[in-house]
Each structure stands twice: as structure tokens, then as C-alpha cells.
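Q: Next comes query_14.cif, mmCIF, C-alpha atoms:
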data_data
loop_
_atom_site.label_atom_id
_atom_site.label_comp_id
_atom_site.auth_asym_id
_atom_site.auth_seq_id
_atom_site.Cartn_x
_atom_site.Cartn_y
_atom_site.Cartn_z
CA MET A 1 9.66 -1.91 4.79
CA ILE A 2 7.37 -4.87 4.22
CA ALA A 3 5.40 -2.79 1.74
CA LEU A 4 8.62 -1.98 -0.07
CA LEU A 5 9.62 -5.65 -0.23
CA ARG A 6 6.17 -6.46 -1.55
CA TRP A 7 6.51 -3.88 -4.33
CA VAL A 8 9.94 -5.15 -5.37
CA ILE A 9 8.89 -8.77 -5.41
CA TRP A 10 5.62 -7.99 -7.14
CA ARG A 11 7.47 -6.05 -9.83
CA ASP A 12 10.08 -8.72 -10.53
CA MET A 13 7.46 -11.46 -10.55
CA VAL A 14 5.22 -9.62 -12.97
CA LEU A 15 8.18 -8.88 -15.22
CA ALA A 16 9.23 -12.53 -15.17
CA MET A 17 5.70 -13.76 -15.84
CA ARG A 18 5.51 -11.55 -18.90
CA ARG A 19 8.71 -13.13 -20.19
CA LYS A 20 8.30 -16.73 -19.27
CA SER A 21 11.11 -18.08 -21.42
CA GLU A 22 13.76 -16.62 -19.15
CA VAL A 23 12.34 -18.35 -16.11
CA LEU A 24 12.39 -21.73 -17.80
CA THR A 25 15.99 -21.43 -18.97
CA ALA A 26 17.59 -22.20 -15.61
CA LEU A 27 15.19 -25.04 -14.91
CA LEU A 28 15.70 -26.68 -18.29
CA PHE A 29 19.45 -26.28 -17.98
CA PHE A 30 19.32 -28.07 -14.64
CA VAL A 31 17.23 -30.93 -15.97
CA ILE A 32 19.34 -31.38 -19.08
CA VAL A 33 22.71 -31.30 -17.33
CA VAL A 34 21.59 -33.89 -14.79
CA SER A 35 20.06 -36.05 -17.50
CA LEU A 36 23.33 -36.08 -19.42
CA PHE A 37 25.16 -37.97 -16.69
CA PRO A 38 23.38 -41.33 -17.06
CA LEU A 39 24.12 -41.07 -20.76
CA GLY A 40 27.79 -40.28 -20.22
CA VAL A 41 28.57 -42.47 -17.25
CA GLY A 42 26.38 -45.38 -18.20
CA PRO A 43 23.15 -46.65 -16.65
CA GLU A 44 24.85 -48.61 -13.87
CA LYS A 45 22.64 -47.90 -10.88
CA ASN A 46 25.21 -48.03 -8.09
CA THR A 47 27.67 -45.75 -9.86
CA LEU A 48 24.94 -43.23 -10.53
CA ALA A 49 23.74 -43.26 -6.93
CA ILE A 50 27.30 -42.56 -5.76
CA ILE A 51 27.77 -39.52 -8.00
CA ALA A 52 24.16 -38.33 -7.69
CA PRO A 53 24.59 -35.87 -4.76
CA GLY A 54 27.55 -34.18 -6.40
CA VAL A 55 25.97 -34.09 -9.84
CA LEU A 56 22.71 -32.63 -8.61
CA TRP A 57 24.43 -30.01 -6.51
CA VAL A 58 26.92 -28.96 -9.18
CA ALA A 59 24.12 -28.72 -11.72
CA ALA A 60 22.00 -26.64 -9.33
CA LEU A 61 24.95 -24.37 -8.71
CA LEU A 62 25.61 -23.80 -12.40
CA ALA A 63 21.92 -23.32 -13.15
CA SER A 64 21.55 -20.68 -10.48
CA MET A 65 24.64 -18.92 -11.80
CA LEU A 66 23.34 -18.97 -15.34
CA SER A 67 20.66 -16.44 -14.55
CA LEU A 68 22.69 -14.33 -12.14
CA ASN A 69 24.07 -11.78 -14.55
CA ARG A 70 20.50 -10.86 -15.43
CA LEU A 71 19.67 -10.07 -11.82
CA PHE A 72 20.57 -6.40 -12.14
CA ALA A 73 21.47 -6.10 -15.83
CA ASP A 74 17.98 -5.28 -17.14
CA ASP A 75 17.43 -2.65 -14.48
CA TYR A 76 20.85 -1.23 -15.23
CA HIS A 77 20.20 -0.85 -18.94
CA ASP A 78 16.80 0.80 -18.72
CA GLY A 79 17.78 3.19 -15.94
CA THR A 80 15.53 1.78 -13.24
CA LEU A 81 18.57 0.75 -11.23
CA GLU A 82 19.68 4.37 -11.02
CA GLN A 83 16.28 5.22 -9.64
CA LEU A 84 16.47 2.40 -7.12
CA VAL A 85 19.89 3.49 -5.92
CA ILE A 86 18.82 7.08 -5.38
CA SER A 87 15.45 6.16 -3.93
CA SER A 88 14.81 7.27 -0.39
CA GLN A 89 14.18 3.67 0.62
CA PRO A 90 16.95 1.45 1.99
CA LEU A 91 18.74 -0.05 -0.97
CA ALA A 92 19.67 -3.21 0.93
CA VAL A 93 15.97 -4.00 1.39
CA ILE A 94 15.27 -3.44 -2.27
CA VAL A 95 18.20 -5.67 -3.18
CA PHE A 96 16.99 -8.31 -0.73
CA GLY A 97 13.61 -8.25 -2.47
CA LYS A 98 15.25 -8.67 -5.83
CA ILE A 99 17.31 -11.60 -4.56
CA MET A 100 14.19 -13.23 -3.13
CA SER A 101 12.40 -12.92 -6.45
CA HIS A 102 15.45 -14.33 -8.17
CA TRP A 103 15.33 -17.34 -5.90
CA PHE A 104 11.58 -17.82 -6.33
CA LEU A 105 12.06 -17.82 -10.08
CA THR A 106 15.24 -19.84 -10.45
CA GLY A 107 16.05 -21.57 -7.17
CA LEU A 108 12.67 -22.81 -6.04
CA PRO A 109 11.77 -24.57 -9.32
CA LEU A 110 15.08 -26.46 -9.13
CA VAL A 111 14.32 -27.53 -5.59
CA LEU A 112 10.88 -28.74 -6.59
CA ILE A 113 12.05 -30.77 -9.55
CA SER A 114 15.09 -32.25 -7.80
CA PRO A 115 13.26 -35.31 -6.34
CA VAL A 116 12.40 -36.45 -9.86
CA LEU A 117 15.99 -36.09 -10.97
CA GLY A 118 17.18 -37.80 -7.78
CA MET A 119 15.01 -40.76 -8.63
CA GLN A 120 16.35 -40.76 -12.14
CA LEU A 121 19.86 -41.15 -10.70
CA GLY A 122 18.76 -43.96 -8.42
CA LEU A 123 18.82 -42.20 -5.05
CA ASP A 124 16.78 -43.86 -2.34
CA SER A 125 13.80 -42.02 -0.89
CA ASP A 126 15.50 -40.94 2.37
CA SER A 127 18.38 -39.38 0.48
CA ILE A 128 15.92 -37.64 -1.80
CA VAL A 129 14.23 -35.97 1.14
CA ILE A 130 17.62 -34.80 2.41
CA LEU A 131 18.53 -33.61 -1.08
CA LEU A 132 15.35 -31.57 -1.26
CA LEU A 133 16.03 -30.01 2.13
CA THR A 134 19.67 -29.17 1.41
CA LEU A 135 18.70 -27.54 -1.85
CA LEU A 136 15.93 -25.66 -0.09
CA ILE A 137 18.43 -24.17 2.34
CA GLY A 138 21.37 -24.00 -0.03
CA THR A 139 19.96 -22.42 -3.19
CA PRO A 140 18.95 -19.15 -1.44
CA VAL A 141 22.57 -18.90 -0.27
CA LEU A 142 23.66 -19.24 -3.89
CA SER A 143 21.34 -16.42 -4.97
CA LEU A 144 22.48 -14.23 -2.09
CA ILE A 145 26.20 -14.67 -2.65
CA GLY A 146 25.71 -14.41 -6.37
CA ALA A 147 23.99 -11.04 -6.01
CA VAL A 148 27.16 -9.50 -4.60
CA GLY A 149 29.10 -10.73 -7.62
CA ALA A 150 26.37 -9.60 -9.99
CA GLY A 151 26.51 -6.14 -8.45
CA LEU A 152 30.27 -5.94 -8.76
CA THR A 153 30.43 -7.10 -12.37
CA LEU A 154 27.57 -4.91 -13.53
CA GLY A 155 28.34 -3.04 -16.71
CA VAL A 156 31.73 -4.71 -17.09
CA ARG A 157 32.44 -6.08 -20.53
CA GLY A 158 32.63 -9.86 -20.39
CA GLY A 159 31.03 -9.62 -16.98
CA GLY A 160 29.48 -13.08 -17.27
CA VAL A 161 32.80 -14.92 -17.23
CA LEU A 162 34.21 -12.65 -14.56
CA LEU A 163 31.13 -13.31 -12.47
CA SER A 164 31.71 -17.06 -12.65
CA LEU A 165 35.35 -16.70 -11.64
CA LEU A 166 34.37 -14.47 -8.77
CA ILE A 167 31.43 -16.43 -7.46
CA LEU A 168 32.15 -20.11 -8.06
CA PRO A 169 34.91 -20.29 -5.41
CA LEU A 170 32.50 -18.81 -2.90
CA TYR A 171 29.96 -21.49 -3.75
CA ILE A 172 32.38 -24.25 -2.74
CA PRO A 173 31.44 -24.42 0.97
CA VAL A 174 27.76 -24.64 0.12
CA LEU A 175 28.50 -27.35 -2.40
CA ILE A 176 30.60 -29.35 0.07
CA PHE A 177 28.05 -29.31 2.86
CA GLY A 178 25.04 -29.63 0.56
CA SER A 179 26.22 -32.67 -1.32
CA GLY A 180 27.95 -33.92 1.83
CA ALA A 181 24.61 -34.10 3.64
CA VAL A 182 23.04 -36.15 0.86
CA GLU A 183 26.07 -38.41 0.76
CA SER A 184 25.88 -38.93 4.53
CA ALA A 185 22.21 -39.76 4.32
CA ARG A 186 22.90 -42.23 1.54
CA THR A 187 25.55 -44.04 3.57
CA GLY A 188 23.45 -43.87 6.73
CA LEU A 189 25.44 -41.28 8.68
CA GLY A 190 24.00 -38.33 10.60
CA VAL A 191 23.18 -35.13 8.74
CA GLU A 192 22.58 -32.69 11.59
CA ALA A 193 26.02 -31.14 11.42
CA HIS A 194 25.69 -30.48 7.71
CA PHE A 195 22.32 -28.86 8.19
CA SER A 196 23.56 -26.67 11.02
CA ILE A 197 26.36 -25.36 8.87
CA LEU A 198 24.11 -24.84 5.84
CA GLY A 199 21.66 -23.00 8.08
CA ALA A 200 24.47 -20.83 9.41
CA PHE A 201 25.50 -20.01 5.83
CA LEU A 202 21.95 -19.00 5.05
CA VAL A 203 21.60 -16.73 8.07
CA ALA A 204 24.97 -15.09 7.50
CA ALA A 205 24.29 -14.62 3.79
CA MET A 206 20.84 -13.15 4.43
CA LEU A 207 22.32 -10.60 6.79
CA LEU A 208 25.41 -9.63 4.86
CA ALA A 209 24.80 -10.25 1.16
CA PRO A 210 22.09 -7.60 0.61
CA ILE A 211 24.29 -4.97 2.23
CA GLY A 212 27.29 -6.09 0.21
CA ALA A 213 25.31 -6.18 -3.02
CA ALA A 214 23.87 -2.73 -2.33
CA ALA A 215 27.37 -1.33 -1.81
CA ALA A 216 28.52 -3.07 -4.99
CA LEU A 217 25.70 -1.46 -6.96
CA ARG A 218 26.61 1.99 -5.71
CA ILE A 219 30.18 1.43 -6.86
CA SER A 220 29.07 0.10 -10.23
CA LEU A 221 26.90 3.13 -10.90
CA ASP A 222 29.48 5.72 -9.86
CA MET B 1 18.95 25.07 -0.36
CA LEU B 2 21.30 23.14 -2.57
CA GLU B 3 24.89 24.23 -2.47
CA SER B 4 27.89 22.99 -4.38
CA ILE B 5 31.29 23.76 -3.00
CA GLU B 6 34.36 23.60 -5.19
CA LEU B 7 33.31 20.56 -7.12
CA GLU B 8 35.74 18.80 -9.37
CA CYS B 9 34.86 16.15 -11.91
CA VAL B 10 37.40 13.75 -13.35
CA ARG B 11 36.42 11.26 -16.03
CA GLY B 12 39.17 8.88 -17.05
CA ASP B 13 42.29 11.02 -16.94
CA ARG B 14 40.60 14.25 -17.96
CA THR B 15 39.38 16.90 -15.63
CA LEU B 16 36.00 18.08 -16.88
CA PHE B 17 35.53 20.92 -14.46
CA THR B 18 37.16 22.09 -11.30
CA ASN B 19 36.40 24.56 -8.55
CA LEU B 20 32.72 24.70 -9.43
CA SER B 21 30.63 26.40 -6.78
CA PHE B 22 27.01 27.46 -7.02
CA SER B 23 23.85 27.42 -5.01
CA VAL B 24 20.19 26.91 -5.79
CA THR B 25 17.57 28.35 -3.49
CA ALA B 26 13.80 28.04 -3.35
CA GLY B 27 12.17 29.18 -6.58
CA ASP B 28 15.40 28.97 -8.56
CA LEU B 29 15.88 27.40 -11.93
CA LEU B 30 19.46 26.54 -12.75
CA HIS B 31 20.13 25.79 -16.37
CA VAL B 32 23.37 23.89 -16.84
CA ARG B 33 24.81 24.51 -20.27
CA GLY B 34 27.83 23.31 -22.11
CA ALA B 35 29.03 21.44 -25.16
CA ASN B 36 28.69 17.68 -25.45
CA GLY B 37 31.14 16.08 -23.10
CA SER B 38 31.57 19.13 -20.92
CA GLY B 39 30.32 17.25 -17.89
CA LYS B 40 26.66 18.26 -17.63
CA THR B 41 25.34 14.80 -16.96
CA SER B 42 28.23 14.09 -14.60
CA LEU B 43 27.39 17.21 -12.64
CA LEU B 44 23.76 16.21 -12.42
CA ARG B 45 24.67 12.70 -11.33
CA MET B 46 26.87 14.20 -8.62
CA LEU B 47 23.95 16.29 -7.45
CA THR B 48 21.80 13.17 -7.17
CA GLY B 49 24.46 11.38 -5.16
CA LEU B 50 24.98 8.69 -7.78
CA MET B 51 28.50 9.89 -8.50
CA LEU B 52 31.13 11.01 -6.06
CA PRO B 53 32.82 14.28 -6.86
CA ALA B 54 36.60 13.98 -7.11
CA GLU B 55 36.89 17.04 -4.91
CA GLY B 56 34.48 19.26 -3.06
CA GLN B 57 31.09 18.51 -1.65
CA ILE B 58 27.40 19.06 -2.17
CA GLN B 59 25.26 20.32 0.66
CA TRP B 60 21.52 20.24 1.15
CA ASN B 61 20.31 22.74 3.76
CA GLY B 62 23.85 23.00 5.06
CA GLU B 63 24.63 19.32 5.38
CA ASN B 64 26.59 17.04 3.13
CA ILE B 65 24.25 14.95 0.99
CA ARG B 66 26.34 11.83 1.57
CA LYS B 67 25.58 12.16 5.24
CA LEU B 68 21.90 12.92 4.76
CA ARG B 69 21.36 10.30 2.09
CA ASP B 70 17.75 9.08 2.54
CA GLU B 71 16.59 12.40 3.89
CA TYR B 72 18.03 14.20 0.89
CA GLN B 73 16.80 11.63 -1.56
CA GLN B 74 13.29 12.06 -0.30
CA ASP B 75 13.50 15.73 -1.26
CA MET B 76 14.92 15.04 -4.68
CA LEU B 77 13.55 13.80 -7.96
CA TYR B 78 15.92 12.82 -10.73
CA ILE B 79 14.92 12.07 -14.28
CA GLY B 80 17.94 11.07 -16.27
CA HIS B 81 18.91 10.16 -19.80
CA LEU B 82 17.50 6.71 -19.36
CA PRO B 83 13.78 6.90 -18.75
CA GLY B 84 13.86 4.30 -15.98
CA ILE B 85 10.71 2.59 -17.11
CA LYS B 86 10.09 -1.09 -17.72
CA GLY B 87 8.96 -2.07 -21.20
CA ASP B 88 6.98 -5.01 -19.89
CA LEU B 89 5.00 -3.01 -17.37
CA THR B 90 2.15 -0.74 -18.35
CA ALA B 91 2.48 3.02 -18.06
CA LEU B 92 0.29 2.92 -15.00
CA GLU B 93 2.30 0.20 -13.27
CA ASN B 94 5.53 1.99 -14.11
CA LEU B 95 4.37 5.21 -12.54
CA ARG B 96 3.03 3.57 -9.42
CA ILE B 97 6.06 1.39 -8.82
CA ASN B 98 8.51 4.24 -9.41
CA SER B 99 6.67 6.33 -6.88
CA ALA B 100 6.54 3.48 -4.40
CA PHE B 101 10.29 3.11 -4.63
CA ASN B 102 10.53 6.69 -3.51
CA GLY B 103 8.37 6.04 -0.51
CA LEU B 104 5.30 7.56 -2.07
CA GLU B 105 2.44 5.16 -2.52
CA ILE B 106 -0.03 6.64 -4.95
CA SER B 107 -3.46 5.29 -5.64
CA GLU B 108 -4.44 3.98 -9.03
CA GLU B 109 -6.65 7.02 -9.48
CA GLU B 110 -3.83 9.48 -8.87
CA ALA B 111 -1.74 7.62 -11.38
CA TRP B 112 -4.56 7.70 -13.97
CA ASN B 113 -4.91 11.44 -13.44
CA ALA B 114 -1.20 12.13 -13.76
CA LEU B 115 -0.93 10.11 -16.94
CA GLY B 116 -4.00 11.78 -18.39
CA GLN B 117 -2.56 15.16 -17.57
CA ILE B 118 0.71 14.40 -19.28
CA GLY B 119 -1.11 13.40 -22.45
CA LEU B 120 -1.25 9.65 -22.26
CA LYS B 121 -5.01 9.31 -22.00
CA GLY B 122 -6.13 5.96 -23.34
CA ARG B 123 -2.62 4.54 -23.20
CA GLU B 124 -2.36 4.00 -19.48
CA ASP B 125 -2.84 0.27 -19.85
CA LEU B 126 -0.44 -0.35 -22.68
CA PRO B 127 2.91 -1.97 -21.98
CA ALA B 128 5.50 0.78 -22.07
CA ARG B 129 7.35 -0.96 -24.87
CA ALA B 130 4.36 -0.38 -27.16
CA LEU B 131 4.67 3.38 -26.65
CA SER B 132 6.69 5.68 -28.85
CA GLN B 133 9.89 7.22 -27.56
CA GLY B 134 8.20 10.49 -26.76
CA GLN B 135 5.37 8.75 -24.98
CA GLY B 136 7.87 6.71 -23.02
CA ARG B 137 9.51 9.95 -21.92
CA ARG B 138 6.13 11.20 -20.82
CA VAL B 139 5.66 8.19 -18.58
CA ALA B 140 8.94 9.08 -16.91
CA LEU B 141 7.99 12.74 -16.69
CA ALA B 142 4.62 11.89 -15.15
CA ARG B 143 6.57 11.25 -11.96
CA MET B 144 6.99 15.00 -11.62
CA LEU B 145 3.25 15.39 -11.33
CA VAL B 146 2.90 13.05 -8.39
CA SER B 147 6.22 13.83 -6.73
CA LYS B 148 6.47 15.78 -3.51
CA ALA B 149 10.18 16.43 -3.94
CA LYS B 150 11.45 19.98 -3.58
CA LEU B 151 14.42 19.63 -5.85
CA TRP B 152 14.02 18.38 -9.37
CA ILE B 153 17.09 17.35 -11.30
CA LEU B 154 16.25 16.88 -14.94
CA ASP B 155 18.67 15.69 -17.59
CA GLU B 156 17.43 16.78 -21.02
CA PRO B 157 13.73 16.74 -20.08
CA PHE B 158 12.64 18.11 -23.45
CA VAL B 159 14.24 15.41 -25.56
CA ALA B 160 11.85 13.52 -27.87
CA LEU B 161 8.84 15.62 -26.83
CA ASP B 162 6.58 17.32 -29.36
CA THR B 163 5.87 21.06 -29.14
CA ARG B 164 2.67 20.59 -27.18
CA ALA B 165 4.37 18.43 -24.63
CA VAL B 166 7.21 20.95 -24.36
CA THR B 167 4.70 23.71 -23.61
CA MET B 168 2.98 21.55 -21.04
CA LEU B 169 6.25 20.62 -19.41
CA GLN B 170 7.14 24.30 -19.12
CA THR B 171 3.88 24.91 -17.31
CA VAL B 172 4.65 22.06 -14.94
CA LEU B 173 8.11 23.49 -14.27
CA ALA B 174 6.68 26.97 -13.71
CA HIS B 175 4.14 25.58 -11.28
CA HIS B 176 6.84 23.79 -9.35
CA LEU B 177 8.94 26.95 -9.10
CA SER B 178 5.94 28.97 -7.96
CA ARG B 179 5.57 26.54 -5.07
CA GLN B 180 9.12 27.37 -3.97
CA GLY B 181 10.54 24.34 -5.70
CA MET B 182 14.01 24.15 -7.19
CA ILE B 183 15.02 22.87 -10.58
CA VAL B 184 18.39 22.00 -12.03
CA LEU B 185 18.21 21.00 -15.66
CA THR B 186 20.25 20.58 -18.79
CA THR B 187 18.90 21.06 -22.25
CA HIS B 188 20.02 22.12 -25.69
CA GLN B 189 16.54 23.24 -26.61
CA ASP B 190 15.20 26.74 -26.22
CA PHE B 191 12.59 27.08 -23.58
CA SER B 192 11.07 29.89 -21.63
CA ILE B 193 9.29 29.96 -18.36
CA PRO B 194 7.48 33.23 -17.70
CA ASP B 195 8.29 35.20 -14.55
CA VAL B 196 11.30 33.12 -13.71
CA ASP B 197 14.88 34.25 -13.72
CA GLU B 198 16.66 31.44 -15.36
CA ARG B 199 20.16 31.20 -13.98
CA ILE B 200 22.74 29.80 -16.27
CA LEU B 201 25.75 27.74 -15.39
CA ASP B 202 28.04 27.35 -18.36
CA LEU B 203 30.46 24.47 -18.30
CA GLY B 204 31.97 25.76 -21.52
CA GLN B 205 33.54 23.89 -24.35
CA ALA B 206 34.78 20.37 -23.98
CA GLU B 207 38.47 20.15 -24.64
CA LEU B 208 39.14 17.77 -27.44
#
What's the C-alpha cells form of this structure?
A:
Amino acid sequence: MIALLRWVIWRDMVLAMRRKSEVLTALLFFVIVVSLFPLGVGPEKNTLAIIAPGVLWVAALLASMLSLNRLFADDYHDGTLEQLVISSQPLAVIVFGKIMSHWFLTGLPLVLISPVLGMQLGLDSDSIVILLLTLLIGTPVLSLIGAVGAGLTLGVRGGGVLLSLLILPLYIPVLIFGSGAVESARTGLGVEAHFSILGAFLVAAMLLAPIGAAAALRISLD
Amino acid sequence: MLESIELECVRGDRTLFTNLSFSVTAGDLLHVRGANGSGKTSLLRMLTGLMLPAEGQIQWNGENIRKLRDEYQQDMLYIGHLPGIKGDLTALENLRINSAFNGLEISEEEAWNALGQIGLKGREDLPARALSQGQGRRVALARMLVSKAKLWILDEPFVALDTRAVTMLQTVLAHHLSRQGMIVLTTHQDFSIPDVDERILDLGQAEL
């Protein structure tokens, strides 16, 4: 099973490295959206610090969604998805590998660049650490939930919009507790509760989302 | 043994075929024929387990394939319309990864051999997107050479191949049958495999 995961992740990484532009899209989107806020709201430091947690989290959420419809689409069009579905290996494991690669390529870069953007919005250093941690726990949840939607909307015309409508409501809890933790840290309140809930989301999503996405793929290919 | 029991296929609101029963035993070649749109690909997809039949069931050694799932899929190799290869991976990588996904880890050397045998010598290291359509098909077909599956389900295997490749493919098919393998295929091309009774399943004309 580990060998299988390694193959899936290796494959998706190699494919992404041979088409670098697609990896950078989500990251650039994130940076640009966040950078637009100081321009729109004005450079007033306190105002920016207040909206910073929400802005960063909403931008991360949209950026991770941007690349979601490509999660299975390429494999679907060249027929490799068919082969994956009928492979003798557990599809949920394969899907989990694909989701992990998706997060490595789109989620992790966002997490790593977020401290810079946090500073840009005038967050203090403690809040930035919390921001980094919430994104680290939260963005995999986004990829996991998103995979179920991506599986369901596969091959549907206008699937991209449908995917957003389907998935964004499910992102709301992650958004609330993610940005809530940063907000609490900023105002000096405790963050343990937020982290416990985010952690619970991550565990639940890791267990259920690959199975759900695998079932969705089987339906989409029928 | 592969057995189909009273299969029915419905696409949209049209019934493509109904009450279709047949069986394939070791050493059999079943040639599914029919006009465009008569349901050949749908039948093959049902046999792979990708598509659910509207009625009836498919059994492998006496058990429903939906129940067997992984066990059945280990015994089966499907090469469909879409080649299932990645343009950004090399022929070699494609072959190895496709095999790995079927639980069959092959060494680089085995992969080199298979690709050489199928006529891709010297092109093993090219990205698949740099290959011609026929060569791309060959990369997909190379899986047959490394596969240990008993049942091969091939959708139009001869498409885009030149005459030499067609001859070679026929040899590969004959070899598989001689090892008590089973083949279900569709094709519009003429082909002949010596010493094999080709059984024909005609899905007839598509109703327009």
C-alpha cells in the first residue's frame, strides 16, 4: 500500500514538475488576491490587521479551489482514470495519494508563503505563527473535501462552477475555525479549542474523503 | 471462465441490447461485432466493471464480478479507446506506472524489453506526447506483454497500427490464447489468428 502511494505521488509530482506553470497558478492567485486588499481598503495598519485573518483564509480557500477541477480532469481525458478505477489496487488509496500530491503542489506553497503575506497585512508575529499552523492543518482539509466534489463533477459541462457551488459551503467550517484561531491569537485569547476542532476536521476528512471521492469517481465513469 | 447472464444495456432512453448471454472459457477469443453505436464499447466496459449493466450480471469463475472486484481486476487487462498514457511521461515511465497500478511492479529492464518487442526501440525515453498516434497505441499495448492477467478486454486494439504492428499483435494474441488466456475484443478490421476458433458475438445494427 505504501508502494502504491509512492507510485501515485511520484507520478503526479513528475507530471507537475514537467508543467510548472500550473503549479504556480494557485500560488500567484493567492499572492495577488491578498495583495489587492491593501490597495482596496487603504494602507491603514489597524484596519488591515483586523481583516487579515479572514482575507488570508478566504484567499487560500479560493486558491485551493482554483486547481481542484484539474485534480482528476487530466486523468479522465487521457483514459488513465479508467485504468485507475479498474486497477486491482484499492481506489481510495490511489485517490488519497492524488489528494496528497494536490496538497503538496497547491496547499503547501500557500502555507509557506503566508507569513510574508501576513506581515504585509500587519499581523504581529504571534498571530503569524498561528496563521501558519491553521493553514497547515486546514489546507489539507480543503484538498480532501474538494476531491469529493471534483469526483462528482467530473465530465459535467460547466463542472467548474458547479464544483464551487458544491464545495464552498463545505469549506465554511474550516474557514470559521481557521480564521477564528488567528483572530483569537491576535486579540490574545486561547486558540486550543480552534486547533482541536481543525484537527478533528483533518482526521475525519482523511478517513472519509478518499472513500467518498473514490465512490464519486466510480459513479462519474459509469 | 467469464460468463454474462442476460445483460441489458440502456444508454439514455434507448435499449442497446437486452438478454445478452455468453461465456468465454480458457483459450477462447470472442470477437464482438456490430455497427457503430450498437453497444460494443458499452459491453466491454460492463465486462471490466466500469459500467453497471441495467439488468443481468457478469460472473468470473461463478461469482459476480462486483463482489469479487479486486480479485477479478487482477485477472483482467483492459485497453480501451483512450490509450491511458500520460503525454508528459516517457514511454518507459508510462508502462511501469500502469503496471504498478495493477499491482505488478516491473523492473526497468522488463519495461525496456517489452517496449523493444512492441517496436518502440530507441523511443523508450521520449515523452509519450512526442510519439505518433500509432506509437502511442503501442505504448498502451505494451502492457499486454508484461501483464499476467488471464482475461484481456481490448477495445479496437488494431486502430492506428501499421500492418507490421497488426501482424505482431496477432502473434501476441495467439500466444496469450495458447497459454489458456481469454480475449474479448472489438474491431472493424480483418484479422486472423491461426489455430483459433474465433467466436463471434454480433450486436447487430444500431437502430437509428
Q: Tell me which of B:Leu77, B:Leu68, B:Leu126, B:Val146 sits closest to Leu104 (chain B), counting only C-alpha atoms.
A: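 Smallest distance to Leu104 (chain B) is found for B:Val146.
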Q: Running the PyMOL selection byres ((chain B) within 10 of (chain A)) on this model by hand, what would come out? Give it as a VMD selection string.
A: chain B and resid 42 45 to 46 48 to 53 69 to 89 93 to 94 96 to 105
Q: Expressed in Å to a single decimal, how great is the separation between CA of Leu20 (chain B) and CA of Ala149 (chain B)?
A: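 Pair CA of Leu20 (chain B) / CA of Ala149 (chain B) returns 24.6 Å.
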Q: Quick one: residues within 9 Å of (26.4, -12.1, -3.0) (file frame), counting all atoms listed in the file, please, as an MDAnalysis selection string.
A: chainID A and resid 141:151 167 205 208:210 212:213
Q: Please expand the PyMOL selection byres ((chain B and resi 158-162) around 12) into the concrete residues it hits in this file, giving the result as a PyMOL selection string.
A: chain B and resi 79-83+118-119+132-141+154-157+163-170+173+185-191
Q: Just say which residues the PyMOL selection byres ((chain A and resi 20-30) around 9) picks in this file, as an MDAnalysis selection string.
A: chainID A and resid 15:19 31:35 56 59:67 105:107 109:110 113
Q: What residues have an atom no more than 8 Å from (15.5, 28.6, -1.6) in the file's own frame, counting only C-alpha atoms, and can you write them as a ChimeraX atom specification?
A: /B:1,24-28,180-182
Q: What's the separation between CA of Val58 (chain A) and CA of Leu152 (chain A), in Å to one decimal place?
A: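 Interatomic distance here is 23.3 Å.
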Q: What lies within 8 Å of Ala174 (chain B) using all atoms listed in the file, ignoring chain neighbours under 4 positions off, as a PyMOL selection string?
A: chain B and resi 170+178+193-194+196
Q: Which centre and edge lengths in Å to one decimal define the box along x, y and z that fits every listed atom of region 102-118 of chain A plus 8 Å per side, as JSON?
A:
{"center_x": 14.0, "center_y": -26.1, "center_z": -8.3, "size_x": 22.3, "size_y": 39.5, "size_z": 21.4}
Q: How many Å separate CA of Leu132 (chain A) from CA of Met119 (chain A)?
A: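 Value for the CA of Leu132 (chain A)-CA of Met119 (chain A) distance: 11.8 Å.
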Q: Please identify all polymer residues within 10 Å of Ile200 (chain B), counting all atoms listed in the file, omitting same-chain residues fewer than 6 positions from it, and present them as a PyMOL selection string.
A: chain B and resi 29-33+184-186
Q: Restricting the calculation to only C-alpha atoms, which member of B:Ala142, B:Ile153, B:Leu201, B:Leu131 is positioned closest to Leu44 (chain B)?
A: B:Ile153
Q: Which one is closest to Leu117 (chain A): A:Trp103, A:Phe96, A:Trp57, A:Phe177? Count only C-alpha atoms.
A: A:Trp57
